[in-house]
$ cat start19.csv   # CSV, C-alpha atoms
chain,number,residue,atom,x,y,z
A,1,MET,CA,-18.0,-61.3,31.9
A,2,SER,CA,-18.7,-62.6,28.4
A,3,ASP,CA,-21.6,-60.2,27.6
A,4,SER,CA,-19.7,-57.1,28.8
A,5,ARG,CA,-20.2,-54.0,26.6
A,6,LEU,CA,-16.9,-52.6,27.9
A,7,ARG,CA,-13.1,-53.2,27.9
A,8,ILE,CA,-11.7,-52.4,31.3
A,9,SER,CA,-8.1,-51.9,32.2
A,10,ASN,CA,-6.2,-50.5,35.2
A,11,ILE,CA,-3.3,-48.2,34.5
A,12,ASP,CA,-1.5,-46.1,37.2
A,13,HIS,CA,-4.5,-46.3,39.6
A,14,VAL,CA,-6.8,-45.1,36.9
A,15,THR,CA,-9.6,-47.4,35.6
A,16,GLN,CA,-9.8,-47.0,31.9
A,17,VAL,CA,-13.2,-48.0,30.3
A,18,GLU,CA,-13.6,-48.4,26.6
A,19,PHE,CA,-16.9,-48.9,24.9
A,20,ILE,CA,-17.1,-51.9,22.6
A,21,ASP,CA,-20.2,-50.7,20.8
A,22,ARG,CA,-20.1,-48.0,18.1
A,23,ASN,CA,-23.6,-46.9,18.9
A,24,ILE,CA,-24.8,-46.2,22.5
A,25,LEU,CA,-28.4,-45.7,21.9
A,26,ASP,CA,-30.9,-48.2,23.3
A,27,GLU,CA,-32.1,-48.3,26.8
A,28,ALA,CA,-31.1,-51.9,27.5
A,29,ASN,CA,-27.6,-51.5,26.3
A,30,ILE,CA,-27.2,-48.2,28.2
A,31,GLN,CA,-28.5,-49.8,31.4
A,32,ALA,CA,-26.0,-52.7,31.1
A,33,ILE,CA,-23.1,-50.2,30.6
A,34,SER,CA,-24.3,-48.0,33.5
A,35,ASP,CA,-24.6,-51.0,35.8
A,36,GLU,CA,-21.2,-52.3,34.9
A,37,ILE,CA,-19.5,-48.9,35.5
A,38,SER,CA,-21.5,-48.4,38.7
A,39,GLY,CA,-20.1,-51.7,40.0
A,40,ILE,CA,-16.5,-50.4,39.4
A,41,ILE,CA,-17.3,-47.2,41.3
A,42,GLU,CA,-18.8,-49.1,44.2
A,43,GLN,CA,-15.6,-51.2,44.6
A,44,SER,CA,-13.4,-48.2,44.8
A,45,ASP,CA,-12.9,-45.6,47.6
A,46,ALA,CA,-12.1,-42.6,45.4
A,47,PRO,CA,-12.6,-43.9,41.9
A,48,GLN,CA,-10.4,-42.5,39.2
A,49,LEU,CA,-12.3,-43.3,36.0
A,50,LEU,CA,-11.4,-42.5,32.4
A,51,ILE,CA,-13.9,-43.3,29.7
A,52,ASN,CA,-12.5,-43.7,26.3
A,53,PHE,CA,-14.9,-42.8,23.4
A,54,ALA,CA,-12.6,-43.9,20.6
A,55,ASN,CA,-15.0,-46.4,19.1
A,56,VAL,CA,-18.2,-44.4,19.6
A,57,ASP,CA,-20.0,-43.0,16.5
A,58,HIS,CA,-23.4,-42.3,18.0
A,59,LEU,CA,-25.0,-41.7,21.4
A,60,SER,CA,-28.4,-40.7,22.6
A,61,SER,CA,-29.6,-38.4,25.4
A,62,ALA,CA,-30.2,-41.6,27.4
A,63,ALA,CA,-26.5,-42.3,27.2
A,64,LEU,CA,-25.8,-38.7,28.3
A,65,GLY,CA,-28.1,-39.4,31.2
A,66,ALA,CA,-26.2,-42.5,32.2
A,67,LEU,CA,-22.9,-40.6,32.0
A,68,ILE,CA,-24.3,-37.9,34.3
A,69,THR,CA,-25.4,-40.5,36.8
A,70,ILE,CA,-21.9,-42.1,36.7
A,71,ASN,CA,-20.4,-38.6,37.2
A,72,ASN,CA,-22.7,-38.0,40.2
A,73,LYS,CA,-21.7,-41.3,41.8
A,74,VAL,CA,-18.0,-40.7,41.2
A,75,ASN,CA,-18.3,-37.2,42.8
A,76,GLU,CA,-20.2,-38.7,45.8
A,77,LYS,CA,-17.1,-40.9,46.5
A,78,ASP,CA,-14.7,-38.0,46.0
A,79,GLY,CA,-13.4,-39.6,42.8
A,80,LYS,CA,-12.8,-38.1,39.4
A,81,LEU,CA,-14.3,-38.9,36.0
A,82,ARG,CA,-12.6,-37.9,32.8
A,83,LEU,CA,-13.8,-38.4,29.2
A,84,ALA,CA,-11.4,-38.7,26.2
A,85,ASN,CA,-11.2,-39.4,22.5
A,86,ILE,CA,-14.6,-38.0,21.7
A,87,ASP,CA,-15.5,-37.7,18.0
A,88,PRO,CA,-16.1,-34.1,16.9
A,89,GLN,CA,-19.7,-34.7,16.0
A,90,ILE,CA,-20.4,-36.3,19.4
A,91,PHE,CA,-18.4,-33.5,21.2
A,92,GLU,CA,-20.9,-31.1,19.5
A,93,VAL,CA,-23.7,-32.9,21.4
A,94,PHE,CA,-21.9,-32.2,24.6
A,95,VAL,CA,-21.6,-28.5,23.6
A,96,ILE,CA,-25.2,-28.1,22.6
A,97,THR,CA,-26.4,-29.7,25.9
A,98,ARG,CA,-23.7,-27.7,27.7
A,99,LEU,CA,-22.4,-30.9,29.3
A,100,ASN,CA,-18.9,-29.9,28.2
A,101,LYS,CA,-19.2,-27.6,31.3
A,102,LEU,CA,-20.1,-30.6,33.6
A,103,PHE,CA,-17.6,-33.1,32.4
A,104,SER,CA,-13.8,-33.0,32.2
A,105,ILE,CA,-13.3,-33.7,28.5
A,106,HIS,CA,-9.8,-34.4,27.1
A,107,GLU,CA,-8.7,-34.7,23.5
A,108,THR,CA,-6.5,-37.8,24.0
A,109,LEU,CA,-6.1,-40.6,26.7
A,110,ASN,CA,-2.6,-39.2,27.3
A,111,ASP,CA,-4.0,-35.7,28.1
A,112,ALA,CA,-6.5,-37.2,30.5
A,113,MET,CA,-3.8,-39.4,32.2
A,114,GLN,CA,-1.5,-36.4,32.6
A,115,GLU,CA,-4.3,-34.6,34.4
A,116,PHE,CA,-4.9,-37.6,36.7
A,117,ASN,CA,-1.2,-37.7,37.5
A,118,ALA,CA,-1.0,-34.0,38.1
A,119,ALA,CA,-3.9,-34.1,40.5
A,120,SER,CA,-2.4,-37.0,42.5
A,121,SER,CA,1.1,-35.7,42.7
B,122,MET,CA,-83.6,-2.9,34.6
B,123,ARG,CA,-82.0,-0.2,32.6
B,124,CYS,CA,-81.4,-2.1,29.3
B,125,LYS,CA,-84.2,-2.4,26.8
B,126,SER,CA,-85.2,-5.9,26.0
B,127,SER,CA,-84.2,-5.5,22.4
B,128,THR,CA,-80.7,-4.4,23.5
B,129,LEU,CA,-80.5,-7.4,25.8
B,130,ARG,CA,-81.5,-9.8,23.0
B,131,ALA,CA,-78.8,-8.2,20.8
B,132,ALA,CA,-76.2,-8.6,23.5
B,133,LYS,CA,-77.2,-12.2,24.1
B,134,THR,CA,-76.9,-12.9,20.4
B,135,ALA,CA,-73.5,-11.2,20.2
B,136,SER,CA,-72.2,-13.1,23.2
B,137,THR,CA,-73.4,-16.4,21.8
B,138,ARG,CA,-71.7,-15.4,18.5
B,139,PHE,CA,-68.6,-14.5,20.5
B,140,VAL,CA,-68.5,-17.8,22.3
B,141,SER,CA,-69.0,-19.8,19.2
B,142,LEU,CA,-66.3,-17.7,17.5
B,143,ALA,CA,-63.9,-18.5,20.3
B,144,ASP,CA,-64.8,-22.2,20.0
B,145,CYS,CA,-64.3,-22.1,16.3
B,146,PHE,CA,-60.9,-20.4,16.8
B,147,ARG,CA,-59.8,-23.2,19.2
B,148,GLU,CA,-61.0,-25.8,16.8
B,149,TYR,CA,-59.2,-24.1,13.9
B,150,GLN,CA,-56.0,-23.9,15.9
B,151,ALA,CA,-56.3,-27.6,16.7
B,152,LEU,CA,-57.0,-28.4,13.1
B,153,MET,CA,-54.0,-26.3,11.9
B,154,GLY,CA,-51.9,-28.0,14.5
B,155,GLU,CA,-52.8,-31.3,13.1
B,156,ALA,CA,-52.3,-30.1,9.6
B,157,ASP,CA,-48.8,-28.9,10.4
B,158,THR,CA,-47.7,-32.3,11.5
B,159,GLN,CA,-49.0,-34.1,8.5
B,160,ILE,CA,-46.8,-35.5,5.7
B,161,GLN,CA,-48.2,-35.7,2.2
B,162,ASP,CA,-48.1,-39.3,0.9
B,163,PRO,CA,-45.6,-40.7,3.4
B,164,ILE,CA,-44.2,-44.2,3.8
B,165,THR,CA,-45.9,-45.5,6.9
B,166,VAL,CA,-44.6,-48.1,9.3
B,167,GLU,CA,-46.1,-49.5,12.5
B,168,LEU,CA,-43.0,-49.9,14.6
B,169,VAL,CA,-42.9,-52.2,17.6
B,170,ASN,CA,-40.7,-51.6,20.6
B,171,ASP,CA,-37.9,-53.9,19.5
B,172,ARG,CA,-34.3,-52.7,19.2
B,173,GLU,CA,-33.5,-54.6,16.1
B,174,LYS,CA,-36.6,-53.4,14.2
B,175,ILE,CA,-36.0,-49.8,15.4
B,176,SER,CA,-32.4,-49.9,14.1
B,177,ALA,CA,-33.4,-51.6,10.9
B,178,LEU,CA,-36.0,-48.9,10.2
B,179,ILE,CA,-33.7,-46.0,11.0
B,180,ASP,CA,-31.0,-47.5,8.7
B,181,GLN,CA,-33.6,-47.9,5.9
B,182,ILE,CA,-34.6,-44.3,6.3
B,183,LEU,CA,-31.0,-43.0,6.4
B,184,ASP,CA,-30.0,-45.1,3.3
B,185,GLN,CA,-32.7,-43.3,1.4
B,186,ALA,CA,-31.6,-40.0,2.8
B,187,VAL,CA,-28.0,-40.6,1.7
B,188,GLN,CA,-29.3,-41.4,-1.8
B,189,ALA,CA,-31.2,-38.1,-1.7
B,190,GLY,CA,-28.0,-36.2,-1.2
B,191,LEU,CA,-27.8,-35.8,2.6
B,192,LYS,CA,-24.2,-35.7,3.8
B,193,ASP,CA,-22.5,-37.0,6.9
B,194,ALA,CA,-23.4,-34.2,9.3
B,195,ALA,CA,-27.0,-34.4,8.1
B,196,ILE,CA,-27.2,-38.1,8.6
B,197,PHE,CA,-25.8,-37.8,12.1
B,198,ALA,CA,-28.4,-35.1,12.9
B,199,VAL,CA,-31.3,-37.1,11.5
B,200,ARG,CA,-30.3,-40.3,13.2
B,201,LEU,CA,-30.0,-38.6,16.6
B,202,ALA,CA,-33.4,-36.9,16.2
B,203,ILE,CA,-35.2,-40.0,15.1
B,204,GLU,CA,-33.6,-42.0,17.9
B,205,GLU,CA,-34.8,-39.4,20.5
B,206,ALA,CA,-38.3,-39.1,19.0
B,207,ILE,CA,-38.8,-42.9,19.0
B,208,THR,CA,-37.4,-43.2,22.6
B,209,ASN,CA,-39.7,-40.4,23.7
B,210,ALA,CA,-42.7,-42.2,22.1
B,211,PHE,CA,-42.1,-45.6,23.7
B,212,VAL,CA,-40.5,-44.5,27.1
B,213,HIS,CA,-42.6,-41.4,27.9
B,214,GLY,CA,-45.5,-41.5,25.5
B,215,HIS,CA,-46.4,-45.1,26.3
B,216,GLU,CA,-45.3,-45.0,30.0
B,217,HIS,CA,-48.9,-45.6,31.1
B,218,VAL,CA,-50.3,-47.2,27.9
B,219,PRO,CA,-51.0,-50.9,28.6
B,220,GLY,CA,-49.3,-53.4,26.3
B,221,ASP,CA,-46.9,-50.9,24.7
B,222,PRO,CA,-48.6,-51.0,21.3
B,223,PRO,CA,-46.7,-50.1,18.1
B,224,ILE,CA,-46.0,-46.4,17.3
B,225,ARG,CA,-46.6,-45.0,13.9
B,226,VAL,CA,-43.6,-43.7,11.9
B,227,GLU,CA,-44.2,-41.8,8.7
B,228,TYR,CA,-41.4,-40.6,6.5
B,229,LYS,CA,-40.8,-39.0,3.1
B,230,VAL,CA,-37.4,-38.4,1.5
B,231,LEU,CA,-37.3,-35.6,-1.0
B,232,GLU,CA,-34.3,-34.0,-2.8
B,233,ARG,CA,-32.0,-32.8,0.0
B,234,GLU,CA,-34.9,-33.0,2.5
B,235,ILE,CA,-36.3,-35.5,4.8
B,236,GLN,CA,-39.6,-35.4,6.7
B,237,ILE,CA,-40.4,-37.7,9.6
B,238,ALA,CA,-43.5,-37.9,11.8
B,239,ILE,CA,-43.7,-40.1,14.9
B,240,GLU,CA,-47.0,-40.7,16.7
B,241,ASP,CA,-47.7,-42.6,19.9
B,242,HIS,CA,-50.9,-43.7,21.7
B,243,GLY,CA,-50.1,-41.8,24.9
B,244,PRO,CA,-51.9,-38.8,26.3
B,245,GLY,CA,-49.4,-36.4,24.8
B,246,PHE,CA,-47.2,-33.7,26.5
B,247,VAL,CA,-46.6,-30.0,26.3
B,248,PRO,CA,-43.2,-29.5,24.8
B,249,THR,CA,-42.8,-25.9,26.1
B,250,GLU,CA,-43.2,-27.2,29.7
B,251,VAL,CA,-40.1,-29.4,29.4
B,252,PRO,CA,-37.5,-27.6,31.6
B,253,ASP,CA,-34.4,-26.2,29.8
B,254,PRO,CA,-31.7,-28.9,30.4
B,255,THR,CA,-28.9,-26.4,29.8
B,256,LEU,CA,-29.7,-24.3,32.8
B,257,MET,CA,-27.1,-24.6,35.6
B,258,GLU,CA,-29.6,-26.1,38.0
B,259,ASN,CA,-30.6,-28.8,35.5
B,260,LEU,CA,-27.1,-29.7,34.2
B,261,SER,CA,-26.5,-32.7,36.5
B,262,LYS,CA,-30.0,-34.1,36.0
B,263,PRO,CA,-29.7,-37.3,34.0
B,264,PHE,CA,-32.8,-36.8,31.8
B,265,GLY,CA,-34.8,-34.2,29.7
B,266,ARG,CA,-32.4,-33.6,26.8
B,267,GLY,CA,-34.2,-35.5,24.0
B,268,VAL,CA,-36.6,-32.7,23.0
B,269,MET,CA,-33.9,-30.0,22.9
B,270,LEU,CA,-31.6,-32.2,20.9
B,271,MET,CA,-34.3,-32.8,18.3
B,272,LYS,CA,-34.9,-29.1,18.1
B,273,ALA,CA,-31.1,-28.3,17.9
B,274,TYR,CA,-30.4,-30.8,15.1
B,275,MET,CA,-33.5,-30.6,12.9
B,276,THR,CA,-34.5,-27.7,10.7
B,277,GLU,CA,-38.1,-27.8,12.0
B,278,VAL,CA,-39.9,-29.7,14.8
B,279,MET,CA,-43.6,-29.4,15.3
B,280,TYR,CA,-46.1,-31.1,17.6
B,281,ASN,CA,-49.8,-31.7,17.2
B,282,ALA,CA,-52.2,-30.0,19.7
B,283,LYS,CA,-52.5,-33.2,21.8
B,284,GLY,CA,-48.7,-33.6,21.9
B,285,ASN,CA,-48.6,-37.3,20.9
B,286,ARG,CA,-47.3,-36.6,17.4
B,287,VAL,CA,-44.1,-34.9,16.3
B,288,LYS,CA,-43.1,-34.0,12.8
B,289,MET,CA,-39.5,-33.1,12.0
B,290,ARG,CA,-37.9,-31.8,8.8
B,291,TYR,CA,-34.3,-31.7,7.9
B,292,ILE,CA,-33.5,-29.5,4.9
B,293,ALA,CA,-29.9,-29.6,3.6
B,294,SER,CA,-28.5,-26.1,3.3
$ encode --input "start19.csv" --output "structure tokens"
Amino acid sequence: MSDSRLRISNIDHVTQVEFIDRNILDEANIQAISDEISGIIEQSDAPQLLINFANVDHLSSAALGALITINNKVNEKDGKLRLANIDPQIFEVFVITRLNKLFSIHETLNDAMQEFNAASS
Amino acid sequence: MRCKSSTLRAAKTASTRFVSLADCFREYQALMGEADTQIQDPITVELVNDREKISALIDQILDQAVQAGLKDAAIFAVRLAIEEAITNAFVHGHEHVPGDPPIRVEYKVLEREIQIAIEDHGPGFVPTEVPDPTLMENLSKPFGRGVMLMKAYMTEVMYNAKGNRVKMRYIAS
């Protein structure tokens, strides 16, 4: 899809999703991202999803809302969502909103992948 | 009747005075509320609901804030708060406003301080009635975090009595 806001790859039964945009702020963009990830979740029985925040400098509460919706959908299908590579300033947003308690957040992609592998073995 | 007519008259006058005092007090509170959200001699922009124009305005405000000595963490905070306030104005404030008219953005950059006010044409809301999104029962709800983020990241956040105008200040420590 040429207008995709995401880079998607499949590694060891885990779907890795990387944001192309540095800022995930506006409603239209967030809706497009949310729809695209929801499509991935719907195609899988127990989605193993890893979202890579490496490129992200800013996000809004609407983006947090989209992540929560994604997390809810993954949980409904007995899957697992993990987040990684979150910039310290953005991680603080997760802490302030206490969403660090809701999401499984890992420092690096490797850390997250190890947790996926540990859970599946 | 046990009261003398003169006493009754006095009571009536007193009660009228009491009512008008209460009215005045409410009016005064409303006025003070308005005054609290004013900015002296701001730059005023009528902002339409267009992503490129919103981003351009925020960049313009933040460029001035950088020049005024605000650092990285402050810029991150102010950007987040302005984004949330503008989103609230268009998405919630104008939810039932036909035609989605422009919102008013006022700002003023001082030395190590920035003041921003955002006003929409909606009916307003009561900020204290927004449920606490950090409570366990609200944690997996995908909405309701904008107001708390503005409060968390800015030095001061005030609403007018109607609840359709917010003024925020960031003061660098």
$ closest_residue --input "start19.csv" --among "A:Ala66, A:Glu92, A:Arg7, A:Asp12" --to "Ala32 of chain A" --atoms "all atoms listed in the file"
A:Ala66
$ atom_distance --input "start19.csv" --atom1 "atom CA of Leu109 of chain A" --atom2 "atom CA of Ile20 of chain A"
16.3 Å
$ closest_residue --input "start19.csv" --among "A:Asn10, A:Thr69, A:Ser44, A:Asn75" --to "chain B" --atoms "all atoms listed in the file"
A:Thr69
$ closest_atom_pairs --input "start19.csv" --of "chain A" --to "chain B" --cutoff "8 Å" --atoms "all atoms listed in the file" --output "JSON lines"
{"residue": "A:Leu25", "atom": "CA", "partner": "B:Glu204", "partner_atom": "CA", "distance": 7.5}
{"residue": "A:Asp26", "atom": "CA", "partner": "B:Arg172", "partner_atom": "CA", "distance": 7.0}
{"residue": "A:His58", "atom": "CA", "partner": "B:Leu201", "partner_atom": "CA", "distance": 7.7}
{"residue": "A:Leu59", "atom": "CA", "partner": "B:Leu201", "partner_atom": "CA", "distance": 7.6}
{"residue": "A:Ser60", "atom": "CA", "partner": "B:Leu201", "partner_atom": "CA", "distance": 6.6}
{"residue": "A:Ser61", "atom": "CA", "partner": "B:Gly267", "partner_atom": "CA", "distance": 5.6}
{"residue": "A:Ala62", "atom": "CA", "partner": "B:Phe264", "partner_atom": "CA", "distance": 7.0}
{"residue": "A:Leu64", "atom": "CA", "partner": "B:Pro263", "partner_atom": "CA", "distance": 7.0}
{"residue": "A:Gly65", "atom": "CA", "partner": "B:Pro263", "partner_atom": "CA", "distance": 3.8}
{"residue": "A:Ala66", "atom": "CA", "partner": "B:Pro263", "partner_atom": "CA", "distance": 6.5}
{"residue": "A:Leu67", "atom": "CA", "partner": "B:Pro263", "partner_atom": "CA", "distance": 7.8}
{"residue": "A:Ile68", "atom": "CA", "partner": "B:Pro263", "partner_atom": "CA", "distance": 5.4}
{"residue": "A:Thr69", "atom": "CA", "partner": "B:Pro263", "partner_atom": "CA", "distance": 6.0}
{"residue": "A:Asn72", "atom": "CA", "partner": "B:Ser261", "partner_atom": "CA", "distance": 7.5}
{"residue": "A:Gln89", "atom": "CA", "partner": "B:Ala194", "partner_atom": "CA", "distance": 7.7}
{"residue": "A:Val93", "atom": "CA", "partner": "B:Leu270", "partner_atom": "CA", "distance": 7.9}
{"residue": "A:Ile96", "atom": "CA", "partner": "B:Ala273", "partner_atom": "CA", "distance": 7.5}
{"residue": "A:Thr97", "atom": "CA", "partner": "B:Thr255", "partner_atom": "CA", "distance": 5.7}
{"residue": "A:Arg98", "atom": "CA", "partner": "B:Thr255", "partner_atom": "CA", "distance": 5.8}
{"residue": "A:Leu99", "atom": "CA", "partner": "B:Leu260", "partner_atom": "CA", "distance": 6.9}
{"residue": "A:Leu102", "atom": "CA", "partner": "B:Leu260", "partner_atom": "CA", "distance": 7.1}
$ atom_distance --input "start19.csv" --atom1 "atom CA of Val17 of chain A" --atom2 "atom CA of Val95 of chain A"
22.3 Å
$ atom_distance --input "start19.csv" --atom1 "atom CA of Asp221 of chain B" --atom2 "atom CA of Val251 of chain B"
23.0 Å
$ residues_around --input "start19.csv" --residues "Asn170 of chain B" --least-positions-apart "5" --cutoff "12 Å" --atoms "all atoms listed in the file" --output "list of chain:residue names"
A:Asp26, A:Glu27, A:Ala28, B:Ile175, B:Ser176, B:Leu178, B:Ile207, B:Thr208, B:Asn209, B:Ala210, B:Phe211, B:Val212, B:His215, B:Gly220, B:Asp221, B:Pro222, B:Pro223, B:Ile224, B:Arg225, B:Asp241
$ closest_residue --input "start19.csv" --among "B:Gln188, B:Gln236, B:Thr276, B:Asn285" --to "Thr165 of chain B" --atoms "all atoms listed in the file"
B:Gln236
$ axis_aligned_box --input "start19.csv" --around "segment 104-117 of chain A" --padding-each-side "5 Å" --output "JSON"
{"center_x": -7.5, "center_y": -36.8, "center_z": 30.5, "size_x": 22.6, "size_y": 17.6, "size_z": 24.0}
$ closest_residue --input "start19.csv" --among "A:Glu115, A:Glu107, A:Asp3, A:Asp78" --to "Ala46 of chain A" --atoms "only C-alpha atoms"
A:Asp78
$ build_atoms --input "start19.csv" --residues "segment 39-48 of chain A" --atoms "all heavy atoms" --output "PDB file, in the frame of the given file"
ATOM      1  N   GLY A  39     -20.737 -50.668  39.195  1.00  0.00           N
ATOM      2  CA  GLY A  39     -20.100 -51.700  40.000  1.00  0.00           C
ATOM      3  C   GLY A  39     -18.624 -51.369  40.242  1.00  0.00           C
ATOM      4  O   GLY A  39     -18.128 -51.548  41.355  1.00  0.00           O
ATOM      5  N   ILE A  40     -17.941 -50.833  39.225  1.00  0.00           N
ATOM      6  CA  ILE A  40     -16.500 -50.400  39.400  1.00  0.00           C
ATOM      7  C   ILE A  40     -16.437 -49.305  40.425  1.00  0.00           C
ATOM      8  O   ILE A  40     -15.564 -49.324  41.298  1.00  0.00           O
ATOM      9  CB  ILE A  40     -15.966 -49.908  38.029  1.00  0.00           C
ATOM     10  CG1 ILE A  40     -15.929 -51.045  37.005  1.00  0.00           C
ATOM     11  CG2 ILE A  40     -14.570 -49.306  38.218  1.00  0.00           C
ATOM     12  CD1 ILE A  40     -15.638 -50.582  35.582  1.00  0.00           C
ATOM     13  N   ILE A  41     -17.349 -48.340  40.336  1.00  0.00           N
ATOM     14  CA  ILE A  41     -17.300 -47.200  41.300  1.00  0.00           C
ATOM     15  C   ILE A  41     -17.537 -47.660  42.697  1.00  0.00           C
ATOM     16  O   ILE A  41     -16.845 -47.223  43.615  1.00  0.00           O
ATOM     17  CB  ILE A  41     -18.414 -46.150  40.853  1.00  0.00           C
ATOM     18  CG1 ILE A  41     -18.096 -45.581  39.470  1.00  0.00           C
ATOM     19  CG2 ILE A  41     -18.516 -45.031  41.887  1.00  0.00           C
ATOM     20  CD1 ILE A  41     -19.237 -44.800  38.848  1.00  0.00           C
ATOM     21  N   GLU A  42     -18.492 -48.597  42.866  1.00  0.00           N
ATOM     22  CA  GLU A  42     -18.800 -49.100  44.200  1.00  0.00           C
ATOM     23  C   GLU A  42     -17.621 -49.801  44.869  1.00  0.00           C
ATOM     24  O   GLU A  42     -17.448 -49.769  46.084  1.00  0.00           O
ATOM     25  CB  GLU A  42     -20.017 -50.012  44.176  1.00  0.00           C
ATOM     26  CG  GLU A  42     -21.329 -49.237  44.186  1.00  0.00           C
ATOM     27  CD  GLU A  42     -22.491 -50.077  43.668  1.00  0.00           C
ATOM     28  OE1 GLU A  42     -22.422 -51.315  43.778  1.00  0.00           O
ATOM     29  OE2 GLU A  42     -23.452 -49.479  43.146  1.00  0.00           O
ATOM     30  N   GLN A  43     -16.784 -50.430  44.031  1.00  0.00           N
ATOM     31  CA  GLN A  43     -15.600 -51.200  44.600  1.00  0.00           C
ATOM     32  C   GLN A  43     -14.466 -50.315  44.957  1.00  0.00           C
ATOM     33  O   GLN A  43     -13.495 -50.800  45.526  1.00  0.00           O
ATOM     34  CB  GLN A  43     -15.162 -52.220  43.532  1.00  0.00           C
ATOM     35  CG  GLN A  43     -16.082 -53.421  43.401  1.00  0.00           C
ATOM     36  CD  GLN A  43     -15.797 -54.230  42.153  1.00  0.00           C
ATOM     37  OE1 GLN A  43     -14.706 -54.148  41.603  1.00  0.00           O
ATOM     38  NE2 GLN A  43     -16.777 -55.005  41.721  1.00  0.00           N
ATOM     39  N   SER A  44     -14.544 -49.045  44.626  1.00  0.00           N
ATOM     40  CA  SER A  44     -13.400 -48.200  44.800  1.00  0.00           C
ATOM     41  C   SER A  44     -13.692 -47.084  45.863  1.00  0.00           C
ATOM     42  O   SER A  44     -14.827 -46.631  45.968  1.00  0.00           O
ATOM     43  CB  SER A  44     -12.986 -47.568  43.497  1.00  0.00           C
ATOM     44  OG  SER A  44     -11.958 -46.651  43.687  1.00  0.00           O
ATOM     45  N   ASP A  45     -12.656 -46.648  46.612  1.00  0.00           N
ATOM     46  CA  ASP A  45     -12.900 -45.600  47.600  1.00  0.00           C
ATOM     47  C   ASP A  45     -12.983 -44.217  46.971  1.00  0.00           C
ATOM     48  O   ASP A  45     -13.906 -43.470  47.261  1.00  0.00           O
ATOM     49  CB  ASP A  45     -11.702 -45.595  48.622  1.00  0.00           C
ATOM     50  CG  ASP A  45     -11.869 -46.746  49.606  1.00  0.00           C
ATOM     51  OD1 ASP A  45     -13.010 -47.221  49.746  1.00  0.00           O
ATOM     52  OD2 ASP A  45     -10.862 -47.172  50.192  1.00  0.00           O
ATOM     53  N   ALA A  46     -12.027 -43.882  46.145  1.00  0.00           N
ATOM     54  CA  ALA A  46     -12.100 -42.600  45.400  1.00  0.00           C
ATOM     55  C   ALA A  46     -11.820 -42.914  43.953  1.00  0.00           C
ATOM     56  O   ALA A  46     -10.697 -42.751  43.462  1.00  0.00           O
ATOM     57  CB  ALA A  46     -11.051 -41.630  45.976  1.00  0.00           C
ATOM     58  N   PRO A  47     -12.846 -43.380  43.239  1.00  0.00           N
ATOM     59  CA  PRO A  47     -12.600 -43.900  41.900  1.00  0.00           C
ATOM     60  C   PRO A  47     -12.028 -42.861  40.925  1.00  0.00           C
ATOM     61  O   PRO A  47     -12.487 -41.726  40.859  1.00  0.00           O
ATOM     62  CB  PRO A  47     -14.039 -44.296  41.426  1.00  0.00           C
ATOM     63  CG  PRO A  47     -14.985 -43.646  42.372  1.00  0.00           C
ATOM     64  CD  PRO A  47     -14.259 -43.427  43.638  1.00  0.00           C
ATOM     65  N   GLN A  48     -10.972 -43.304  40.249  1.00  0.00           N
ATOM     66  CA  GLN A  48     -10.400 -42.500  39.200  1.00  0.00           C
ATOM     67  C   GLN A  48     -10.737 -43.175  37.880  1.00  0.00           C
ATOM     68  O   GLN A  48     -10.194 -44.226  37.553  1.00  0.00           O
ATOM     69  CB  GLN A  48      -8.843 -42.434  39.360  1.00  0.00           C
ATOM     70  CG  GLN A  48      -8.374 -41.991  40.746  1.00  0.00           C
ATOM     71  CD  GLN A  48      -8.745 -40.543  41.034  1.00  0.00           C
ATOM     72  OE1 GLN A  48      -8.323 -39.645  40.315  1.00  0.00           O
ATOM     73  NE2 GLN A  48      -9.552 -40.315  42.068  1.00  0.00           N
TER      74      GLN A  48
END
